[in-house]
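K.L.:
Next comes start13.cif, mmCIF, C-alpha atoms:
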```
data_data
loop_
_atom_site.label_atom_id
_atom_site.label_comp_id
_atom_site.auth_asym_id
_atom_site.auth_seq_id
_atom_site.Cartn_x
_atom_site.Cartn_y
_atom_site.Cartn_z
CA MET Z 1 2.88 11.00 32.62
CA LYS Z 2 4.66 12.23 29.52
CA ARG Z 3 3.46 10.52 26.32
CA ARG Z 4 5.82 10.13 23.40
CA LEU Z 5 4.45 10.58 19.92
CA ASP Z 6 4.91 7.30 18.08
CA LEU Z 7 5.68 8.50 14.57
CA GLU Z 8 5.87 4.94 13.33
CA ARG Z 9 2.07 4.86 13.37
CA TYR Z 10 1.98 7.74 10.93
CA ALA Z 11 4.34 6.31 8.32
CA PRO Z 12 3.96 3.39 5.92
CA VAL Z 13 4.65 0.09 7.68
CA GLY Z 14 8.38 -0.71 7.66
CA TYR Z 15 9.19 2.58 5.93
CA ASP Z 16 12.37 4.44 6.81
CA TRP Z 17 10.58 7.56 8.02
CA ARG Z 18 13.58 8.73 10.05
CA ARG Z 19 15.58 9.30 6.86
CA GLU Z 20 12.66 11.18 5.38
CA LEU Z 21 12.30 13.37 8.46
CA LYS Z 22 16.01 14.19 8.31
CA PHE Z 23 15.53 15.21 4.69
CA PHE Z 24 12.59 17.43 5.62
CA ALA Z 25 14.52 18.98 8.52
CA GLY Z 26 17.44 19.64 6.16
CA GLY Z 27 15.07 21.25 3.68
CA LEU Z 28 13.57 23.49 6.33
CA ILE Z 29 16.96 24.56 7.62
CA GLY Z 30 18.08 25.20 4.04
CA ALA Z 31 14.97 27.26 3.34
CA PHE Z 32 15.55 29.24 6.52
CA LEU Z 33 19.22 29.90 5.72
CA TYR Z 34 18.51 30.83 2.10
CA GLY Z 35 15.69 33.18 3.07
CA THR Z 36 17.55 34.83 5.91
CA LEU Z 37 20.75 35.29 3.94
CA ARG Z 38 18.96 36.69 0.89
CA TYR Z 39 16.72 38.97 2.92
CA GLY Z 40 19.60 40.08 5.13
CA LEU Z 41 21.70 41.12 2.14
CA ARG Z 42 18.82 42.92 0.44
CA LEU Z 43 17.81 44.70 3.64
CA ARG Z 44 21.39 45.72 4.30
CA SER Z 45 21.79 47.14 0.81
CA ALA Z 46 18.47 49.03 1.00
CA TYR Z 47 19.33 50.36 4.43
CA ASP Z 48 22.79 51.52 3.33
CA SER Z 49 21.30 53.39 0.39
CA LEU Z 50 19.35 55.58 2.81
CA TYR Z 51 22.60 57.16 4.02
CA TYR Z 52 25.60 58.85 2.61
CA LEU Z 53 29.00 59.24 4.15
CA SER Z 54 29.98 62.76 5.18
CA ARG Z 55 33.36 63.63 3.72
CA THR Z 56 34.08 66.08 6.48
CA THR Z 57 33.03 64.13 9.57
CA GLY Z 58 33.13 60.63 8.19
CA GLN Z 59 29.68 59.99 9.71
CA ARG Z 60 26.71 58.38 8.02
CA ILE Z 61 24.01 60.90 7.33
CA LEU Z 62 20.42 60.16 6.34
CA ARG Z 63 19.61 61.47 2.90
CA GLU Z 64 16.91 64.08 2.84
CA GLY Z 65 13.47 62.90 1.66
CA VAL Z 66 14.72 59.40 0.99
CA VAL Z 67 12.31 56.47 1.41
CA MET Z 68 13.12 52.87 2.21
CA GLU Z 69 12.58 50.24 -0.44
CA ASP Z 70 9.22 48.57 0.10
CA PHE Z 71 9.22 45.47 2.27
CA ALA Z 72 7.34 43.64 -0.45
CA VAL Z 73 10.24 44.29 -2.85
CA LEU Z 74 12.89 43.26 -0.34
CA ILE Z 75 11.13 40.03 0.56
CA ASP Z 76 10.85 38.99 -3.09
CA ARG Z 77 11.57 35.23 -3.39
CA CYS Z 78 13.25 35.10 0.03
CA LEU Z 79 10.59 32.74 1.31
CA SER Z 80 9.95 30.85 -1.90
CA ALA Z 81 11.69 27.70 -0.64
CA PHE Z 82 9.00 27.15 2.02
CA PRO Z 83 6.02 26.75 -0.31
CA LEU Z 84 8.29 24.84 -2.70
CA ILE Z 85 9.03 22.24 -0.02
CA ALA Z 86 5.33 22.17 0.84
CA LEU Z 87 4.56 21.42 -2.79
CA MET Z 88 7.21 18.70 -2.88
CA MET Z 89 5.27 16.89 -0.18
CA ALA Z 90 2.71 15.86 -2.79
CA PHE Z 91 5.49 13.85 -4.42
CA PHE Z 92 6.33 12.20 -1.10
CA ALA Z 93 2.68 11.28 -0.58
CA VAL Z 94 2.69 9.55 -3.97
CA LEU Z 95 5.94 7.85 -3.00
CA HIS Z 96 4.30 6.52 0.17
CA TYR Z 97 1.42 5.03 -1.78
CA ALA Z 98 3.84 3.54 -4.33
CA TYR Z 99 5.84 1.99 -1.47
CA HIS Z 100 2.95 -0.41 -0.93
CA ARG Z 101 3.57 -1.91 -4.36
CA ARG Z 102 7.32 -2.28 -4.04
CA GLY Z 103 8.46 -5.87 -3.60
CA SER Z 104 4.94 -7.02 -2.73
CA ARG Z 105 1.35 -5.82 -2.75
CA SER Z 106 1.17 -4.72 0.87
CA ASP Z 107 -1.62 -2.37 -0.19
CA TYR Z 108 -3.81 -5.52 -0.20
CA THR Z 109 -3.18 -5.88 3.51
CA MET Z 110 -3.72 -2.20 4.18
CA ARG Z 111 -7.01 -2.27 2.30
CA ARG Z 112 -8.21 -5.20 4.37
CA LEU Z 113 -7.76 -3.43 7.69
CA PRO Z 114 -10.86 -2.71 9.73
CA ASP Z 115 -9.70 0.91 9.93
CA ARG Z 116 -10.26 2.05 6.37
CA TRP Z 117 -8.30 5.27 6.88
CA GLU Z 118 -5.16 3.55 8.14
CA MET Z 119 -3.39 3.46 4.78
CA HIS Z 120 -4.26 7.06 3.92
CA ARG Z 121 -3.20 8.24 7.35
CA ARG Z 122 0.13 6.49 7.00
CA CYS Z 123 0.71 7.81 3.48
CA LEU Z 124 -0.44 11.39 4.04
CA ALA Z 125 0.33 12.23 7.68
CA ILE Z 126 4.03 13.04 7.39
CA PRO Z 127 3.89 14.85 4.01
CA GLY Z 128 0.74 16.71 5.07
CA THR Z 129 2.18 17.77 8.42
CA THR Z 130 5.49 18.75 6.84
CA ALA Z 131 3.69 20.84 4.23
CA LEU Z 132 1.73 22.56 6.99
CA ILE Z 133 4.88 23.15 9.05
CA CYS Z 134 6.59 24.63 5.98
CA LEU Z 135 3.74 27.04 5.35
CA ILE Z 136 3.55 28.05 9.01
CA ALA Z 137 7.34 28.44 9.18
CA GLY Z 138 7.27 30.52 6.00
CA PHE Z 139 4.59 32.78 7.47
CA ALA Z 140 6.44 33.03 10.77
CA MET Z 141 9.59 34.06 8.87
CA LEU Z 142 7.56 36.66 7.01
CA LEU Z 143 6.42 38.14 10.32
CA ILE Z 144 9.94 38.12 11.71
CA TYR Z 145 11.39 39.74 8.59
CA TYR Z 146 8.61 42.33 8.68
CA GLY Z 147 9.34 43.03 12.34
CA ILE Z 148 13.03 43.52 11.55
CA TYR Z 149 12.16 45.79 8.62
CA MET Z 150 9.97 47.99 10.80
CA LEU Z 151 12.58 48.01 13.54
CA VAL Z 152 15.59 49.03 11.47
CA THR Z 153 13.91 51.43 9.05
CA PRO Z 154 14.04 55.05 10.24
CA GLU Z 155 10.48 56.27 10.79
CA GLN Z 156 10.77 59.13 8.32
CA CYS Z 157 11.81 56.73 5.55
CA LEU Z 158 8.81 54.43 5.97
CA THR Z 159 5.95 54.65 3.54
CA GLN Z 160 2.41 53.68 4.43
CA GLY Z 161 0.77 50.31 3.86
CA GLN Z 162 3.85 48.10 3.85
CA TRP Z 163 1.97 45.01 5.05
CA ALA Z 164 -0.82 45.45 2.55
CA LYS Z 165 1.68 45.86 -0.28
CA ILE Z 166 2.95 42.30 0.25
CA TRP Z 167 -0.41 40.87 -0.70
CA THR Z 168 -1.15 43.24 -3.56
CA MET Z 169 2.26 42.41 -5.02
CA GLU Z 170 1.57 38.72 -4.56
CA VAL Z 171 -1.73 39.10 -6.36
CA ARG Z 172 -0.12 41.06 -9.20
CA SER Z 173 2.68 38.54 -9.61
CA MET V 1 -21.34 -17.72 4.37
CA ILE V 2 -19.91 -15.83 1.43
CA GLU V 3 -22.49 -15.57 -1.32
CA ILE V 4 -21.58 -14.51 -4.80
CA LYS V 5 -24.50 -13.72 -7.09
CA ASP V 6 -24.24 -12.90 -10.78
CA VAL V 7 -20.87 -11.23 -10.56
CA TYR V 8 -19.66 -9.70 -13.80
CA LYS V 9 -16.29 -8.11 -14.33
CA ASN V 10 -14.76 -6.73 -17.51
CA TYR V 11 -11.27 -5.42 -18.14
CA GLY V 12 -11.75 -2.85 -20.84
CA GLY V 13 -14.03 -4.70 -23.19
CA LYS V 14 -12.71 -8.13 -22.26
CA LYS V 15 -14.82 -10.40 -20.07
CA ALA V 16 -13.09 -11.57 -16.90
CA LEU V 17 -16.13 -12.87 -15.00
CA GLY V 18 -19.37 -13.59 -16.76
CA GLY V 19 -22.05 -13.83 -14.10
CA VAL V 20 -20.37 -15.99 -11.47
CA SER V 21 -22.61 -17.34 -8.72
CA LEU V 22 -21.44 -19.55 -5.89
CA SER V 23 -21.56 -19.79 -2.15
CA LEU V 24 -18.91 -20.62 0.40
CA PRO V 25 -20.46 -21.98 3.57
CA ARG V 26 -18.52 -22.03 6.82
CA GLY V 27 -16.20 -24.88 7.60
CA GLU V 28 -15.41 -26.00 4.08
CA ILE V 29 -12.18 -26.24 2.12
CA VAL V 30 -13.03 -25.32 -1.44
CA GLY V 31 -10.64 -25.69 -4.34
CA LEU V 32 -10.98 -23.17 -7.14
CA PHE V 33 -9.49 -24.62 -10.28
CA GLY V 34 -8.91 -23.09 -13.66
CA GLU V 35 -6.22 -22.37 -16.17
CA ASN V 36 -4.30 -19.08 -16.31
CA GLY V 37 -6.62 -16.19 -17.05
CA ALA V 38 -9.74 -18.18 -16.15
CA GLY V 39 -10.78 -15.57 -13.57
CA LYS V 40 -9.63 -17.11 -10.27
CA THR V 41 -7.65 -14.11 -9.09
CA THR V 42 -10.26 -11.65 -10.36
CA LEU V 43 -12.96 -13.47 -8.42
CA MET V 44 -10.95 -13.31 -5.21
CA LYS V 45 -10.17 -9.64 -5.71
CA CYS V 46 -13.85 -8.93 -6.27
CA ILE V 47 -14.72 -10.72 -3.02
CA LEU V 48 -12.17 -8.57 -1.19
CA GLY V 49 -13.45 -5.40 -2.80
CA PHE V 50 -10.16 -4.67 -4.54
CA LEU V 51 -11.90 -4.50 -7.90
CA PRO V 52 -15.21 -2.91 -8.86
CA TYR V 53 -17.74 -5.39 -10.26
CA LYS V 54 -21.36 -5.79 -11.22
CA GLY V 55 -23.43 -8.14 -9.09
CA GLU V 56 -23.64 -8.94 -5.41
CA ILE V 57 -21.20 -10.41 -2.94
CA THR V 58 -22.24 -10.75 0.69
CA LEU V 59 -20.56 -12.02 3.81
CA ASP V 60 -22.95 -13.54 6.35
CA GLY V 61 -25.75 -11.62 4.64
CA GLU V 62 -24.01 -8.24 4.64
CA LYS V 63 -22.10 -6.33 2.01
CA ILE V 64 -18.36 -6.63 2.45
CA THR V 65 -17.02 -3.35 3.85
CA HIS V 66 -14.34 -2.27 6.31
CA ARG V 67 -16.77 -3.26 9.06
CA ASN V 68 -16.59 -6.97 8.29
CA ILE V 69 -13.52 -7.29 6.07
CA GLU V 70 -11.46 -8.63 8.98
CA LYS V 71 -13.46 -11.84 8.67
CA ILE V 72 -11.60 -12.50 5.43
CA SER V 73 -7.87 -13.06 5.07
CA PHE V 74 -5.91 -13.30 1.86
CA ALA V 75 -2.72 -15.05 0.83
CA THR V 76 -1.54 -14.33 -2.68
CA ALA V 77 1.34 -15.36 -4.90
CA GLU V 78 1.91 -11.62 -5.42
CA HIS V 79 2.50 -11.43 -1.63
CA SER V 80 0.83 -8.92 0.60
CA PHE V 81 3.33 -8.63 3.44
CA PHE V 82 5.61 -5.67 4.12
CA PRO V 83 9.06 -6.50 2.67
CA GLU V 84 10.86 -4.08 4.98
CA LEU V 85 9.33 -5.56 8.12
CA THR V 86 10.40 -8.63 10.09
CA PRO V 87 7.99 -11.45 10.98
CA SER V 88 7.94 -10.15 14.55
CA GLY V 89 7.02 -6.72 13.21
CA HIS V 90 4.19 -8.30 11.23
CA ARG V 91 2.95 -10.10 14.33
CA ASP V 92 2.78 -6.81 16.25
CA PHE V 93 1.10 -5.01 13.36
CA TYR V 94 -1.52 -7.71 12.86
CA ALA V 95 -2.13 -8.02 16.59
CA GLY V 96 -2.75 -4.28 16.70
CA HIS V 97 -5.18 -4.23 13.78
CA PHE V 98 -6.96 -7.57 13.66
CA PRO V 99 -8.75 -8.15 16.94
CA ARG V 100 -8.87 -11.92 16.49
CA PHE V 101 -5.24 -12.36 15.45
CA SER V 102 -3.90 -15.60 16.91
CA GLU V 103 -0.37 -15.24 18.25
CA LYS V 104 -0.47 -18.88 19.27
CA ARG V 105 -1.12 -20.01 15.71
CA PHE V 106 1.44 -17.55 14.37
CA ASP V 107 4.12 -18.87 16.72
CA ALA V 108 3.25 -22.49 15.99
CA LEU V 109 3.38 -22.01 12.23
CA MET V 110 6.58 -19.96 12.39
CA ASP V 111 8.16 -22.80 14.37
CA PHE V 112 6.78 -25.42 12.02
CA PHE V 113 8.14 -23.74 8.90
CA GLU V 114 11.33 -22.78 10.77
CA LEU V 115 11.25 -19.21 9.57
CA PRO V 116 13.59 -16.60 11.13
CA ARG V 117 11.69 -13.98 13.11
CA GLY V 118 14.19 -11.16 13.09
CA LYS V 119 15.04 -10.95 9.38
CA LYS V 120 13.30 -8.58 7.02
CA LEU V 121 10.92 -10.32 4.64
CA ARG V 122 12.74 -9.00 1.59
CA SER V 123 15.71 -11.21 2.45
CA PHE V 124 13.58 -14.39 2.53
CA SER V 125 13.69 -16.94 -0.28
CA THR V 126 10.59 -17.20 -2.50
CA GLY V 127 9.56 -20.39 -0.73
CA GLN V 128 9.88 -18.76 2.68
CA LYS V 129 7.95 -15.71 1.47
CA ASN V 130 5.12 -17.97 0.32
CA GLN V 131 5.10 -19.76 3.65
CA PHE V 132 5.03 -16.50 5.53
CA GLU V 133 2.21 -15.20 3.36
CA VAL V 134 0.18 -18.26 4.29
CA ILE V 135 1.09 -17.98 7.97
CA MET V 136 -0.28 -14.45 8.15
CA ALA V 137 -3.49 -15.43 6.37
CA MET V 138 -3.95 -18.36 8.73
CA SER V 139 -3.18 -16.34 11.87
CA GLN V 140 -5.31 -13.30 11.18
CA GLY V 141 -8.29 -14.86 12.90
CA ALA V 142 -10.46 -14.75 9.80
CA ASP V 143 -13.45 -16.96 9.16
CA TYR V 144 -12.78 -17.06 5.43
CA ILE V 145 -9.27 -17.61 4.17
CA LEU V 146 -8.73 -16.88 0.49
CA MET V 147 -5.55 -18.27 -1.02
CA ASP V 148 -4.55 -17.44 -4.54
CA GLU V 149 -1.83 -19.78 -5.79
CA PRO V 150 -0.08 -19.50 -2.44
CA PHE V 151 2.59 -22.03 -3.26
CA ALA V 152 3.69 -21.00 -6.73
CA GLY V 153 7.39 -21.79 -6.57
CA ASN V 154 7.40 -24.15 -3.59
CA ASP V 155 8.50 -27.74 -3.88
CA VAL V 156 6.16 -30.68 -3.51
CA PHE V 157 7.32 -31.60 0.02
CA ASN V 158 6.71 -28.09 1.15
CA ARG V 159 3.21 -28.12 -0.24
CA GLU V 160 2.46 -31.48 1.29
CA ASP V 161 3.57 -30.20 4.69
CA PHE V 162 1.29 -27.24 4.26
CA TYR V 163 -1.74 -29.36 3.40
CA LYS V 164 -1.18 -31.48 6.47
CA VAL V 165 -0.84 -28.46 8.71
CA LEU V 166 -3.88 -26.86 7.14
CA LEU V 167 -6.02 -29.89 7.83
CA GLY V 168 -4.64 -30.13 11.34
CA ILE V 169 -5.18 -26.57 12.52
CA LEU V 170 -8.35 -25.41 10.81
CA THR V 171 -11.36 -25.14 13.08
CA GLU V 172 -14.84 -26.11 11.96
CA HIS V 173 -15.79 -22.45 11.51
CA GLU V 174 -12.99 -21.65 9.11
CA THR V 175 -13.51 -21.74 5.38
CA VAL V 176 -10.70 -21.89 2.87
CA LEU V 177 -11.00 -20.96 -0.80
CA LEU V 178 -7.85 -22.18 -2.44
CA SER V 179 -7.13 -21.35 -6.05
CA THR V 180 -4.52 -23.46 -7.78
CA HIS V 181 -3.51 -25.49 -10.79
CA LEU V 182 -2.45 -28.45 -8.67
CA ILE V 183 -5.64 -30.45 -9.01
CA GLU V 184 -4.39 -33.90 -8.11
CA GLU V 185 -2.37 -32.70 -5.13
CA GLU V 186 -5.33 -31.00 -3.56
CA SER V 187 -8.00 -33.55 -4.28
CA GLY V 188 -7.15 -35.40 -1.08
CA PHE V 189 -8.00 -32.64 1.31
CA ILE V 190 -10.56 -30.32 -0.26
CA GLY V 191 -14.25 -30.82 0.39
CA ARG V 192 -15.53 -29.20 -2.75
CA ALA V 193 -14.21 -28.18 -6.14
CA GLU V 194 -15.25 -25.21 -8.23
CA LEU V 195 -14.09 -25.12 -11.83
CA ILE V 196 -13.81 -21.79 -13.55
CA ARG V 197 -13.23 -21.32 -17.24
CA ASN V 198 -13.22 -18.08 -19.22
CA GLY V 199 -14.88 -16.30 -16.34
CA ASP V 200 -17.69 -18.82 -15.88
CA ILE V 201 -18.18 -21.50 -13.25
CA VAL V 202 -18.32 -24.67 -15.32
CA GLY V 203 -18.30 -27.20 -12.52
CA ASP V 204 -19.26 -27.38 -8.85
CA VAL V 205 -18.92 -30.71 -7.11
CA SER V 206 -18.33 -32.05 -3.63
CA MET V 207 -15.65 -34.66 -3.17
CA SER V 208 -18.13 -37.01 -1.51
CA GLU V 209 -20.30 -36.78 -4.62
CA LEU V 210 -17.31 -37.73 -6.76
CA ASP V 211 -16.50 -40.62 -4.41
CA GLU V 212 -20.04 -41.94 -4.72
CA ARG V 213 -19.75 -41.78 -8.49
CA GLY V 214 -16.36 -43.45 -8.38
CA GLU V 215 -14.92 -40.59 -10.34
CA SER V 216 -11.65 -38.78 -9.67
CA LEU V 217 -11.36 -35.03 -9.52
CA MET V 218 -9.07 -35.08 -12.53
CA ASP V 219 -11.67 -37.01 -14.55
CA PHE V 220 -14.29 -34.47 -13.54
CA VAL V 221 -12.06 -31.58 -14.55
CA LYS V 222 -11.23 -33.20 -17.88
CA GLU V 223 -14.89 -33.77 -18.57
CA LYS V 224 -15.85 -30.19 -17.75
CA TYR V 225 -13.00 -28.81 -19.77
CA ASN V 226 -13.89 -31.03 -22.74
CA TYR V 227 -10.40 -32.42 -22.59
CA ARG V 228 -9.60 -34.49 -25.68
CA ALA V 229 -7.31 -37.30 -24.66
CA ASP V 230 -6.41 -38.10 -28.26
CA ARG V 231 -5.19 -34.53 -28.88
CA VAL V 232 -1.55 -35.24 -27.99
CA GLY V 233 -1.44 -38.45 -30.03
CA ARG V 234 -2.88 -36.73 -33.06
CA ALA V 235 -0.49 -33.81 -32.75
CA LEU V 236 2.48 -36.15 -32.50
CA ASP V 237 1.24 -38.18 -35.43
CA GLU V 238 0.98 -35.02 -37.48
CA LEU V 239 4.43 -33.82 -36.46
CA ILE V 240 6.14 -37.15 -37.01
CA GLY V 241 4.18 -37.64 -40.21
CA ASP V 242 5.28 -34.23 -41.51
CA GLY V 243 8.85 -34.94 -40.48
CA GLY V 244 8.75 -38.25 -42.33
CA GLU V 245 7.51 -36.61 -45.49
CA GLU V 246 10.16 -33.92 -45.23
CA GLU V 247 12.84 -36.59 -44.91
CA LYS V 248 11.55 -38.27 -48.04
#
```
Could I get this structure in the form of structure tokens?

P.N.:
Amino acid sequence: MKRRLDLERYAPVGYDWRRELKFFAGGLIGAFLYGTLRYGLRLRSAYDSLYYLSRTTGQRILREGVVMEDFAVLIDRCLSAFPLIALMMAFFAVLHYAYHRRGSRSDYTMRRLPDRWEMHRRCLAIPGTTALICLIAGFAMLLIYYGIYMLVTPEQCLTQGQWAKIWTMEVRS
Amino acid sequence: MIEIKDVYKNYGGKKALGGVSLSLPRGEIVGLFGENGAGKTTLMKCILGFLPYKGEITLDGEKITHRNIEKISFATAEHSFFPELTPSGHRDFYAGHFPRFSEKRFDALMDFFELPRGKKLRSFSTGQKNQFEVIMAMSQGADYILMDEPFAGNDVFNREDFYKVLLGILTEHETVLLSTHLIEEESGFIGRAELIRNGDIVGDVSMSELDERGESLMDFVKEKYNYRADRVGRALDELIGDGGEEEK
């Protein structure tokens, strides 16, 4: 039998979690579009600079000894929206706790429940999960962008240690 | 039994409770009387564990934790329901979290107070909100029902109805601690009165004891509060006297 996840159990009681989820979904889509568009344009420009146009044949010819811009440089800030949304989730967690003091002190009821984690689960589950999803999505996008980079870059233009450079650049920045 | 031993509570440097000791045996309706700021709400919040305190509070011999907290319910003038939820939503939530929640009592009280079940609590009037707050506290299935000024803002008929219902539906195992200013109104149905003043219990008397002494609860309160009956007369004399002089 197929079991449906009852998200209501993971949100503050009576809270409009559907609206919040729509906001998160919008944020994720926005982060994806921003990252993809920015990375796409930067990759395209870097790729184009590897070639020159032959005046005689009109064909694109690979420049001699040219190297592709490092992946770490191209990816710069393309994925920044993902950790930003993840960070924003801390604000939503605070909002969930504050909800229990809006119009009443429903936190009194929550604190009297036999399950002492109930209130924390309801306040932290959605922001925590969303933050995790954002980080995973950001990492997945990084892998995909890296795959595309390796796929489109001519082998002779690739320099060594592209993957490692991402992290050393991150550390330096 | 809820036992409170030498409970001290300070807010900053200000004393809120100064070594309160009292016990609430099962099956009693206890009135907790005191003026604003006397410590009634603080005492209840200490019992529920909402506030840190010095001293000891036990419930049937054990410390009050999440393991036994469901034995205590709480109705407060601040309200503790979920404003965005309907009464039916509250019933489902309570039924899912409090194993002894009484749907029968909930339904009976909802019918008695004629409250709508499908409207969100935020759209209720203050009187209806108070009634609902009490309904949830009464239906939770708790052995000890703490009520902190539950009817602040309700009219006298409403309160009278509530007292009657309370007396009618309480079982012999249920204890009610009811904090209020309405001393005379409650004297007819409480079994015991606790007087609190400046964070200290200044009076503890059973109603039968007062009956034997031929004393009213109000007299007892006045005595414990050192109420000076001539205070108003003297103040008026002074005011009128001053006014007279000014006129001259």

K.L.:
Please, which residues of chain Z lie no more than 6 Å from chain V when the count uses all atoms listed in the file, and can they be set out as a list in words?

P.N.:
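Applying the cut-off to the listed atoms yields Gly14, Ser104, Arg105, Ser106, Tyr108, Thr109, Arg112, Pro114 and Arg116 of chain Z.
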
K.L.:
Could you write out the selected residues, including C-alpha atoms, as a PDB file, in the frame of the given file?

P.N.:
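Written out: part.pdb:
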```pdb
ATOM      1  CA  GLY Z  14       8.380  -0.710   7.660  1.00  0.00           C
ATOM      2  CA  SER Z 104       4.940  -7.020  -2.730  1.00  0.00           C
ATOM      3  CA  ARG Z 105       1.350  -5.820  -2.750  1.00  0.00           C
ATOM      4  CA  SER Z 106       1.170  -4.720   0.870  1.00  0.00           C
ATOM      5  CA  TYR Z 108      -3.810  -5.520  -0.200  1.00  0.00           C
ATOM      6  CA  THR Z 109      -3.180  -5.880   3.510  1.00  0.00           C
ATOM      7  CA  ARG Z 112      -8.210  -5.200   4.370  1.00  0.00           C
ATOM      8  CA  PRO Z 114     -10.860  -2.710   9.730  1.00  0.00           C
ATOM      9  CA  ARG Z 116     -10.260   2.050   6.370  1.00  0.00           C
TER      10      ARG Z 116
END
```

K.L.:
Starting from the PyMOL selection byres ((chain Z and resi 44-55) around 12), expand the selection into actual residues of this file and give them as JSON, numbers by chain.

P.N.:
{"Z": [36, 37, 38, 39, 40, 41, 42, 43, 56, 57, 58, 59, 60, 61, 62, 63, 64, 65, 66, 67, 68, 69, 70, 71, 73, 74, 75, 148, 149, 150, 151, 152, 153, 154, 155, 156, 157, 158]}

K.L.:
Give, as lines of an AutoDock Vina configuration file, the centre coordinates and the x, y and z edge lengths in Å to one decimal for an axis-aligned box around all listed atoms of stretch 133-152 of chain V, padded by 3 Å on each side.

P.N.:
```
center_x = -4.9
center_y = -17.7
center_z = 3.1
size_x = 23.1
size_y = 14.7
size_z = 25.6
```

K.L.:
Choose the residue, out of V:Tyr11, V:Phe113, V:Phe124, V:Phe33, that has the smallest atom-to-atom separation from V:Val205; count all atoms listed in the file.

P.N.:
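With all atoms listed in the file as the atom set, the closest residue is V:Phe33.
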
K.L.:
I'd like the residues picked by the PyMOL selection byres ((chain V and resi 10) around 12) written out as an MDAnalysis selection string, using the chain letters and numbers from the file.

P.N.:
chainID V and resid 7:9 11:19 39 42:43 46 51:54 198:199

K.L.:
Since I can't run it myself right now, could you work out what the PyMOL selection byres ((chain V and resi 210-226) around 12) selects here and report it as a VMD selection string?

P.N.:
chain V and resid 31 to 35 38 181 to 198 200 to 209 227 to 231

K.L.:
Determine, counting all atoms listed in the file, which protein, DNA and RNA residues have an atom within 12 Å of an atom of V:Glu114; residues of the same chain fewer than 6 positions away are not included. Present the result as a PDB file with C-alpha atoms, in the frame of the given file.

P.N.:
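part12.pdb, written as the output of this step:
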```pdb
ATOM      1  CA  PRO V  87       7.990 -11.450  10.980  1.00  0.00           C
ATOM      2  CA  PHE V 106       1.440 -17.550  14.370  1.00  0.00           C
ATOM      3  CA  ASP V 107       4.120 -18.870  16.720  1.00  0.00           C
ATOM      4  CA  ALA V 108       3.250 -22.490  15.990  1.00  0.00           C
ATOM      5  CA  PHE V 124      13.580 -14.390   2.530  1.00  0.00           C
ATOM      6  CA  GLY V 127       9.560 -20.390  -0.730  1.00  0.00           C
ATOM      7  CA  GLN V 128       9.880 -18.760   2.680  1.00  0.00           C
ATOM      8  CA  GLN V 131       5.100 -19.760   3.650  1.00  0.00           C
ATOM      9  CA  PHE V 132       5.030 -16.500   5.530  1.00  0.00           C
ATOM     10  CA  ILE V 135       1.090 -17.980   7.970  1.00  0.00           C
ATOM     11  CA  ASN V 158       6.710 -28.090   1.150  1.00  0.00           C
TER      12      ASN V 158
END
```

K.L.:
Could you check how far atom CA of V:Lys40 sits from atom CA of V:Val20, in Å to one decimal?

P.N.:
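Going from atom CA of V:Lys40 over to atom CA of V:Val20, I get 10.9 Å.
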
K.L.:
Provide the atom CA of V:Glu149 to atom CA of V:Asn130 distance in Å, to one decimal place.

P.N.:
9.4 Å

K.L.:
Using all atoms listed in the file, which residue out of V:Asp111, V:Glu174, V:Glu3, V:Asp155 lies closest to V:Gly61?

P.N.:
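Under the stated criterion, the closest residue is V:Glu3.
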
K.L.:
Please rebuild stretch 153-159 of chain Z with N, CA, C and O atoms and give the result as a compact mmCIF listing (two decimals), keeping the file's coordinate frame.

P.N.:
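Output below, filename out08.txt:
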```
# COMPACT_ATOMS: atom_id res chain seq x y z
N THR Z 153 14.14 50.31 9.97
CA THR Z 153 13.91 51.43 9.05
C THR Z 153 13.60 52.71 9.84
O THR Z 153 12.71 52.71 10.69
N PRO Z 154 14.35 53.78 9.57
CA PRO Z 154 14.04 55.05 10.24
C PRO Z 154 12.61 55.49 9.93
O PRO Z 154 12.16 55.31 8.79
N GLU Z 155 11.92 55.99 10.92
CA GLU Z 155 10.48 56.27 10.79
C GLU Z 155 10.17 57.19 9.60
O GLU Z 155 9.20 56.98 8.87
N GLN Z 156 11.04 58.16 9.40
CA GLN Z 156 10.77 59.13 8.32
C GLN Z 156 10.95 58.54 6.92
O GLN Z 156 10.53 59.11 5.94
N CYS Z 157 11.59 57.37 6.87
CA CYS Z 157 11.81 56.73 5.55
C CYS Z 157 10.73 55.71 5.22
O CYS Z 157 10.74 55.11 4.13
N LEU Z 158 9.86 55.44 6.17
CA LEU Z 158 8.81 54.43 5.97
C LEU Z 158 7.65 55.00 5.18
O LEU Z 158 7.23 56.13 5.43
N THR Z 159 7.17 54.22 4.24
CA THR Z 159 5.95 54.65 3.54
C THR Z 159 4.78 53.83 4.09
O THR Z 159 4.98 52.75 4.65
```
